[in-house]
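Next comes structure_11.cif, a file with mmCIF, C-alpha atoms and all ligand atoms.
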```cif
data_target
#
loop_
_atom_site.label_atom_id
_atom_site.label_comp_id
_atom_site.auth_asym_id
_atom_site.auth_seq_id
_atom_site.Cartn_x
_atom_site.Cartn_y
_atom_site.Cartn_z
CA MET A 1 136.21 74.20 66.08
CA LYS A 2 132.66 72.75 66.24
CA LYS A 3 133.00 72.46 70.03
CA LEU A 4 134.13 76.09 70.31
CA LEU A 5 131.18 77.27 68.18
CA LEU A 6 128.69 75.33 70.32
CA CYS A 7 130.28 76.74 73.44
CA LEU A 8 129.98 80.33 72.11
CA LEU A 9 126.33 79.79 71.13
CA TRP A 10 125.52 78.34 74.56
CA THR A 11 127.25 81.25 76.38
CA GLY A 12 125.37 83.74 74.14
CA ALA A 13 122.03 82.09 74.95
CA LEU A 14 122.81 82.20 78.68
CA LEU A 15 123.79 85.88 78.50
CA CYS A 16 120.59 86.64 76.61
CA LEU A 17 118.46 84.77 79.15
CA SER A 18 120.13 86.42 82.12
CA GLY A 19 119.79 89.80 80.41
CA CYS A 20 116.05 89.23 79.95
CA ARG A 21 115.72 88.13 83.56
CA ASN A 22 117.42 91.33 84.76
CA ALA A 23 115.53 93.72 82.51
CA PRO A 24 112.96 95.84 84.42
CA SER A 25 109.35 94.82 83.82
CA ALA A 26 105.89 95.90 84.94
CA ALA A 27 103.15 93.90 86.64
CA PRO A 28 100.51 92.61 84.13
CA ASN A 29 97.78 94.88 85.52
CA LEU A 30 99.74 97.92 84.27
CA ALA A 31 99.65 96.54 80.69
CA PRO A 32 96.65 98.65 79.51
CA PHE A 33 98.80 101.74 79.97
CA SER A 34 101.70 100.60 77.74
CA PRO A 35 104.32 100.61 80.53
CA VAL A 36 107.89 101.51 79.60
CA PRO A 37 109.96 100.35 82.59
CA THR A 38 113.61 101.28 83.12
CA GLU A 39 115.89 101.14 86.17
CA THR A 40 114.94 104.70 87.16
CA CYS A 41 111.21 104.94 86.37
CA CYS A 42 108.19 103.27 84.80
CA LEU A 43 106.33 105.45 82.32
CA LEU A 44 102.61 104.74 81.80
CA SER A 45 100.58 106.52 79.16
CA CYS A 46 97.07 106.96 77.75
CA GLY A 47 96.38 109.48 74.98
CA ASN A 48 98.26 112.66 75.88
CA ASN A 49 98.51 111.79 79.58
CA THR A 50 101.51 110.21 81.28
CA PHE A 51 102.07 108.80 84.76
CA LYS A 52 105.60 108.19 85.99
CA LEU A 53 106.35 105.75 88.83
CA HIS A 54 109.73 105.78 90.60
CA PRO A 55 111.29 102.74 92.29
CA ASP A 56 110.13 102.42 95.91
CA LYS A 57 109.09 106.08 95.95
CA GLN A 58 105.76 107.31 97.25
CA TYR A 59 105.79 110.22 94.79
CA ALA A 60 104.70 109.77 91.19
CA LEU A 61 104.24 112.33 88.43
CA PHE A 62 100.93 112.78 86.57
CA ASN A 63 101.95 114.88 83.55
CA ALA A 64 103.79 117.64 85.48
CA THR A 65 101.79 117.28 88.71
CA PRO A 66 103.36 115.45 91.69
CA VAL A 67 101.03 112.78 93.13
CA GLN A 68 101.69 111.31 96.55
CA LEU A 69 100.70 107.63 96.41
CA PRO A 70 99.17 105.99 99.53
CA ALA A 71 101.91 103.33 99.21
CA PRO A 72 105.24 103.41 97.29
CA ALA A 73 105.49 101.78 93.87
CA ALA A 74 107.20 98.46 94.70
CA TYR A 75 110.35 97.68 92.74
CA GLY A 76 111.84 94.49 94.14
CA LYS A 77 114.68 92.07 93.44
CA GLU A 78 112.83 90.77 90.39
CA LYS A 79 113.07 94.31 88.89
CA CYS A 80 109.33 94.59 88.37
CA TYR A 81 107.15 97.66 89.07
CA ARG A 82 104.01 96.96 91.07
CA VAL A 83 101.30 99.12 92.60
CA THR A 84 98.34 98.03 94.74
CA PRO A 85 95.06 97.29 92.89
CA GLY A 86 93.51 100.24 94.77
CA THR A 87 96.21 102.65 93.55
CA LEU A 88 95.70 101.47 89.99
CA LYS A 89 91.88 101.62 90.08
CA ASN A 90 91.37 104.77 92.15
CA ILE A 91 94.38 106.91 91.26
CA ILE A 92 96.30 105.91 88.12
CA ALA A 93 93.40 104.80 85.89
CA PRO A 94 91.10 107.81 86.46
CA LEU A 95 94.00 110.25 85.99
CA LEU A 96 95.31 108.63 82.81
CA THR A 97 91.92 107.99 81.18
CA GLY A 98 90.10 111.07 82.57
CA LYS A 99 87.12 108.75 83.05
CA VAL A 100 84.89 108.44 86.12
CA SER A 101 81.29 107.28 86.56
CA PRO A 102 79.02 109.91 84.99
CA ARG A 103 77.37 112.44 87.30
CA LYS A 104 75.76 115.86 87.16
CA ILE A 105 77.56 118.60 89.04
CA ARG A 106 75.19 121.47 89.61
CA ARG A 107 75.25 122.49 93.28
CA ILE A 108 78.55 122.94 95.09
CA LEU A 109 79.06 123.16 98.85
CA ILE A 110 81.99 125.44 99.72
CA ASP A 111 83.53 124.93 103.16
CA PRO A 112 85.75 127.69 104.59
CA GLY A 113 87.84 125.81 107.20
CA HIS A 114 87.91 126.64 110.94
CA GLY A 115 85.97 129.64 112.37
CA GLY A 116 84.86 131.04 115.75
CA HIS A 117 87.18 129.94 118.57
CA ASP A 118 89.15 127.81 116.07
CA SER A 119 91.42 130.30 114.27
CA GLY A 120 93.38 127.63 112.36
CA ALA A 121 96.98 128.52 111.48
CA LEU A 122 98.36 131.91 112.46
CA GLY A 123 100.53 134.12 110.27
CA ARG A 124 102.32 137.33 111.20
CA THR A 125 99.36 139.54 110.33
CA SER A 126 96.52 137.16 109.47
CA ARG A 127 94.49 134.26 110.81
CA GLU A 128 93.68 131.26 108.66
CA LYS A 129 89.94 131.27 109.47
CA GLU A 130 89.65 134.77 107.98
CA LEU A 131 91.67 134.02 104.83
CA ASN A 132 89.61 130.84 104.33
CA LEU A 133 86.37 132.83 104.44
CA LEU A 134 87.68 135.53 102.08
CA LEU A 135 88.93 133.03 99.47
CA ALA A 136 85.78 130.88 99.80
CA ALA A 137 83.61 133.95 99.05
CA GLU A 138 85.65 134.60 95.87
CA ILE A 139 85.36 130.93 94.87
CA ARG A 140 81.59 131.17 95.35
CA ALA A 141 81.43 134.22 93.06
CA ALA A 142 83.58 132.51 90.40
CA LEU A 143 81.50 129.31 90.50
CA ASN A 144 78.25 131.27 90.25
CA LYS A 145 79.67 133.12 87.24
CA ALA A 146 80.51 129.75 85.66
CA GLY A 147 76.87 128.66 86.02
CA PHE A 148 77.02 126.51 89.17
CA GLN A 149 74.74 126.85 92.20
CA THR A 150 76.61 127.34 95.46
CA VAL A 151 76.02 126.99 99.19
CA MET A 152 78.43 127.60 102.08
CA THR A 153 79.01 125.68 105.32
CA ARG A 154 79.60 129.05 107.04
CA GLU A 155 79.36 132.66 105.92
CA GLN A 156 80.33 134.22 109.26
CA ASP A 157 83.09 133.81 111.82
CA VAL A 158 81.41 130.86 113.56
CA PHE A 159 82.64 127.44 114.68
CA LEU A 160 81.18 124.39 112.98
CA PRO A 161 82.19 120.80 113.94
CA LEU A 162 83.79 118.86 111.06
CA ARG A 163 81.07 116.16 111.07
CA ASP A 164 78.36 118.82 110.71
CA ARG A 165 80.09 120.25 107.64
CA VAL A 166 79.85 116.86 105.88
CA LYS A 167 76.20 116.46 106.96
CA LEU A 168 75.37 119.65 105.05
CA VAL A 169 76.16 117.85 101.76
CA LYS A 170 72.96 115.80 102.17
CA LYS A 171 70.94 118.65 103.63
CA TYR A 172 71.71 120.93 100.68
CA GLN A 173 71.76 118.05 98.15
CA ALA A 174 75.18 119.22 97.01
CA ASP A 175 76.90 117.42 94.11
CA LEU A 176 80.47 118.39 95.08
CA PHE A 177 82.31 119.52 98.23
CA VAL A 178 85.29 121.88 98.32
CA SER A 179 87.01 122.74 101.59
CA VAL A 180 89.21 125.86 101.67
CA HIS A 181 92.27 126.05 103.94
CA HIS A 182 95.69 127.70 104.21
CA ASN A 183 98.84 125.85 105.17
CA SER A 184 101.44 126.39 107.89
CA SER A 185 104.81 124.93 108.86
CA LYS A 186 106.59 125.71 112.14
CA ILE A 187 109.75 123.81 111.28
CA ARG A 188 110.08 125.10 107.68
CA PRO A 189 109.30 128.83 107.46
CA ASP A 190 110.36 128.75 103.77
CA ALA A 191 107.70 126.12 102.87
CA SER A 192 105.55 127.54 100.06
CA GLY A 193 103.02 126.56 97.43
CA ILE A 194 99.66 124.92 96.84
CA GLU A 195 98.45 121.36 97.44
CA CYS A 196 95.10 119.59 97.08
CA PHE A 197 93.97 116.64 99.20
CA ALA A 198 91.67 113.72 98.48
CA TYR A 199 90.72 111.16 101.14
CA ARG A 200 93.36 108.55 102.00
CA CYS A 201 91.26 105.76 100.39
CA PRO A 202 90.09 107.81 97.43
CA ARG A 203 87.31 107.13 94.98
CA PRO A 204 88.30 107.70 91.32
CA GLU A 205 86.24 110.92 91.23
CA ASP A 206 88.03 112.32 94.33
CA THR A 207 91.42 111.81 92.66
CA LEU A 208 90.35 113.39 89.38
CA LEU A 209 88.73 116.35 91.16
CA ALA A 210 91.84 117.02 93.28
CA ALA A 211 94.12 116.81 90.22
CA SER A 212 91.86 119.08 88.10
CA VAL A 213 91.76 121.78 90.81
CA GLN A 214 95.50 121.46 91.59
CA GLN A 215 96.49 121.76 87.92
CA ALA A 216 94.25 124.78 87.32
CA LEU A 217 95.52 126.54 90.47
CA VAL A 218 99.21 126.00 89.70
CA ARG A 219 98.80 126.89 86.01
CA THR A 220 97.01 130.17 86.83
CA THR A 221 98.80 131.38 89.98
CA LYS A 222 102.30 130.05 89.06
CA CYS A 223 102.72 129.07 92.72
CA ALA A 224 104.94 126.12 93.69
CA ASP A 225 103.25 122.80 92.87
CA ARG A 226 103.12 120.65 96.02
CA GLY A 227 100.86 118.23 94.18
CA VAL A 228 97.92 115.97 94.93
CA LYS A 229 98.00 114.24 98.32
CA PHE A 230 95.86 111.71 100.17
CA ALA A 231 95.09 112.00 103.88
CA ARG A 232 92.64 110.91 106.55
CA LEU A 233 90.82 114.24 106.80
CA ALA A 234 87.45 114.30 108.55
CA VAL A 235 85.66 116.50 105.99
CA LEU A 236 86.70 114.15 103.17
CA ARG A 237 85.92 110.88 104.99
CA GLU A 238 82.47 109.45 104.23
CA ASN A 239 81.61 112.52 102.22
CA PRO A 240 78.76 111.45 99.93
CA ALA A 241 79.89 113.83 97.17
CA PRO A 242 83.24 114.06 95.33
CA ALA A 243 85.33 116.05 97.81
CA VAL A 244 88.59 118.02 97.75
CA LEU A 245 90.47 120.05 100.37
CA ILE A 246 92.59 122.92 99.06
CA GLU A 247 95.63 124.25 100.95
CA ALA A 248 95.98 127.52 99.07
CA GLY A 249 99.42 128.67 100.29
CA PHE A 250 101.50 128.97 103.48
CA ILE A 251 100.36 131.56 105.98
CA SER A 252 103.65 130.85 107.81
CA ASN A 253 105.72 132.02 104.80
CA ARG A 254 106.25 135.82 104.61
CA THR A 255 105.97 135.95 100.80
CA ASP A 256 102.96 133.64 100.62
CA GLU A 257 101.17 135.54 103.40
CA LYS A 258 101.60 138.79 101.49
CA PHE A 259 99.89 137.58 98.30
CA LEU A 260 97.28 135.53 100.21
CA ASN A 261 96.11 138.88 101.62
CA ASP A 262 95.95 140.47 98.15
CA PRO A 263 92.32 140.64 96.90
CA LYS A 264 93.52 140.44 93.27
CA TRP A 265 95.45 137.23 93.95
CA ARG A 266 92.40 135.75 95.68
CA GLU A 267 90.23 136.59 92.66
CA THR A 268 92.73 134.91 90.31
CA ALA A 269 93.02 131.81 92.53
CA ALA A 270 89.23 131.58 92.89
CA ARG A 271 88.81 131.70 89.10
CA ALA A 272 91.31 128.85 88.82
CA VAL A 273 89.38 126.74 91.37
CA ALA A 274 86.19 127.29 89.36
CA GLU A 275 88.04 126.28 86.15
CA GLY A 276 89.34 123.12 87.84
CA ILE A 277 85.86 122.18 89.06
CA ALA A 278 84.41 122.90 85.61
CA ALA A 279 87.11 120.69 84.00
CA PHE A 280 86.27 117.85 86.40
CA SER A 281 82.54 118.31 85.76
CA ARG A 282 83.08 117.98 82.00
CA LEU A 283 85.12 114.80 82.50
CA ALA A 284 82.32 113.46 84.71
CA GLY A 285 79.87 114.07 81.87
CA THR A 286 78.09 117.19 83.12
CA GLU A 287 76.81 119.25 80.22
CA PHE A 288 78.30 122.71 80.39
CA PRO A 289 77.26 125.24 81.53
CA PRO A 290 75.39 123.07 84.05
CA GLU A 291 71.60 123.08 83.71
CA PRO A 292 69.88 124.81 86.64
CA ALA A 293 68.75 122.56 89.49
CA LEU A 294 65.08 122.37 90.44
CA PRO A 295 64.23 124.74 93.31
ZN ZN B 301 93.19 124.66 108.12
#
```
Can I see the file as structure tokens?
Amino acid sequence: MKKLLLCLLWTGALLCLSGCRNAPSAAPNLAPFSPVPTETCCLLSCGNNTFKLHPDKQYALFNATPVQLPAPAAYGKEKCYRVTPGTLKNIIAPLLTGKVSPRKIRRILIDPGHGGHDSGALGRTSREKELNLLLAAEIRAALNKAGFQTVMTREQDVFLPLRDRVKLVKKYQADLFVSVHHNSSKIRPDASGIECFAYRCPRPEDTLLAASVQQALVRTTKCADRGVKFARLAVLRENPAPAVLIEAGFISNRTDEKFLNDPKWRETAARAVAEGIAAFSRLAGTEFPPEPALP
């Protein structure tokens, strides 16, 4: 009887140990965000914000916003969630905490993509370079109304090399850069919705800016949420200011093209962009409305 009892206790201890070994866990550097790991996801949280990682998936979820990670969240044989230190520092932490190094956002450089001989994407009735300019002008008006100063990389149908657009940030002493584009897909004519890009190796402020603008745009326009993405885009690379590139809808989609050409829709979307930039500015510690810059 004593032998049987010992045997049962020993088996129970082994089962417990093996159970612990198999339970999903999270790498120690995720600890500040109270990770709750399961087989299907790892939930991180801070205040009211949540960030959900999925095993070996490059897509995460910040609150309700999809975020495309530069590398998938690793979930290996040891059943442990890991992300790169860069992903944690430059994407997850700024989104969850809403904290970036303090800065004053007063003057904004708006960059309507393409122009001149570069038409950008082509729809059935419209050219991207023209839609970019029209939406950028509305964004300028909305930002001015919100108390920001604004400058444009182009106000006419002219071509401007990508490098020169970034150089204008220093020339105009701009505090933030927003590039305005419209999307297109040849292989998926039904592709629809809005996405915001930060540079592939983002700084915390780039991530927070892209998420703030994306959330405001989707909330206001009710368009499909294609999320925050990271890419090697020339106007975002080596940009001295926090920088975001907006893809405001698919010119290749019949329905999207219709509302992208509607002045009322553009006004609504522009207001949302201004709200997103204002939200980012507040998080970055800019007093609001922003104090006027010296002439
Ligand atoms: Zn474009």
Within 6 Å of ligand ZN 301 (chain B), which residues of chain A come that close, and what is the closest atom pair and distance in Å for each? Count only C-alpha atoms and all ligand atoms and give it as JSON lines.
```
{"residue": "A:Gly113", "atom": "CA", "partner": "B:ZN301", "partner_atom": "ZN", "distance": 5.5}
{"residue": "A:Gly120", "atom": "CA", "partner": "B:ZN301", "partner_atom": "ZN", "distance": 5.2}
{"residue": "A:His181", "atom": "CA", "partner": "B:ZN301", "partner_atom": "ZN", "distance": 4.5}
{"residue": "A:His182", "atom": "CA", "partner": "B:ZN301", "partner_atom": "ZN", "distance": 5.5}
```
Each residue of range 243-262 of chain A with at least one atom at most 9 Å from range 168-180 of chain A should appear once, together with its nearest atom pair and the corresponding distance in Å (one decimal); atoms considered: all atoms listed in the file; ordering: chain, then increasing residue number; output as a Markdown table.
```
| residue | atom | partner | partner_atom | distance |
| --- | --- | --- | --- | --- |
| A:Ala243 | CA | A:Phe177 | CA | 4.6 |
| A:Val244 | CA | A:Val178 | CA | 5.1 |
| A:Leu245 | CA | A:Ser179 | CA | 4.5 |
| A:Ile246 | CA | A:Val180 | CA | 5.2 |
| A:Glu247 | CA | A:Val180 | CA | 6.7 |
| A:Ala248 | CA | A:Val180 | CA | 7.4 |
```
Sort by chain and increasing residue number a table of all residues of range 71-144 of chain A within 10 Å of range 204-225 of chain A, each with its closest pair of atoms and their distance in Å to one decimal, counting all atoms listed in the file, and write it as a Markdown table.
```
| residue | atom | partner | partner_atom | distance |
| --- | --- | --- | --- | --- |
| A:Gly86 | CA | A:Pro204 | CA | 9.7 |
| A:Thr87 | CA | A:Pro204 | CA | 9.6 |
| A:Leu88 | CA | A:Pro204 | CA | 9.8 |
| A:Lys89 | CA | A:Pro204 | CA | 7.2 |
| A:Asn90 | CA | A:Pro204 | CA | 4.3 |
| A:Ile91 | CA | A:Thr207 | CA | 5.9 |
| A:Ile92 | CA | A:Pro204 | CA | 8.8 |
| A:Ala93 | CA | A:Pro204 | CA | 8.0 |
| A:Pro94 | CA | A:Pro204 | CA | 5.6 |
| A:Leu95 | CA | A:Leu208 | CA | 5.9 |
| A:Leu96 | CA | A:Leu208 | CA | 9.5 |
| A:Thr97 | CA | A:Leu208 | CA | 9.9 |
| A:Gly98 | CA | A:Leu208 | CA | 7.2 |
| A:Lys99 | CA | A:Pro204 | CA | 8.4 |
| A:Val100 | CA | A:Glu205 | CA | 5.8 |
| A:Ser101 | CA | A:Glu205 | CA | 7.7 |
| A:Pro102 | CA | A:Glu205 | CA | 9.6 |
| A:Arg103 | CA | A:Glu205 | CA | 9.8 |
```
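Minimum atom-to-atom distances from A:Ile105, A:Pro24, A:Asn132, A:Gly123 to Tyr75 in chain A were compared using only C-alpha atoms, and the lowest value belongs to A:Pro24.
Using all atoms listed in the file, the shortest contact distance between Leu44 in chain A and any of A:Asn261, A:Asn63, A:Ser126, A:Asn239 is found at A:Asn63.
You will find CA of Leu160 in chain A at 27.0 Å from CA of Trp265 in chain A.
Nearest residue to Leu53 in chain A among A:Ala31, A:Val36, A:Leu109, A:Ala284 is A:Val36, counting all atoms listed in the file.
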Inset, instruction - Compile the contact shell of Arg165 in chain A as a PyMOL selection string: residues with an atom at most 9 Å away, counting all atoms listed in the file, same-chain residues fewer than 5 positions apart removed. - result: chain A and resi 111+153-154+160+235
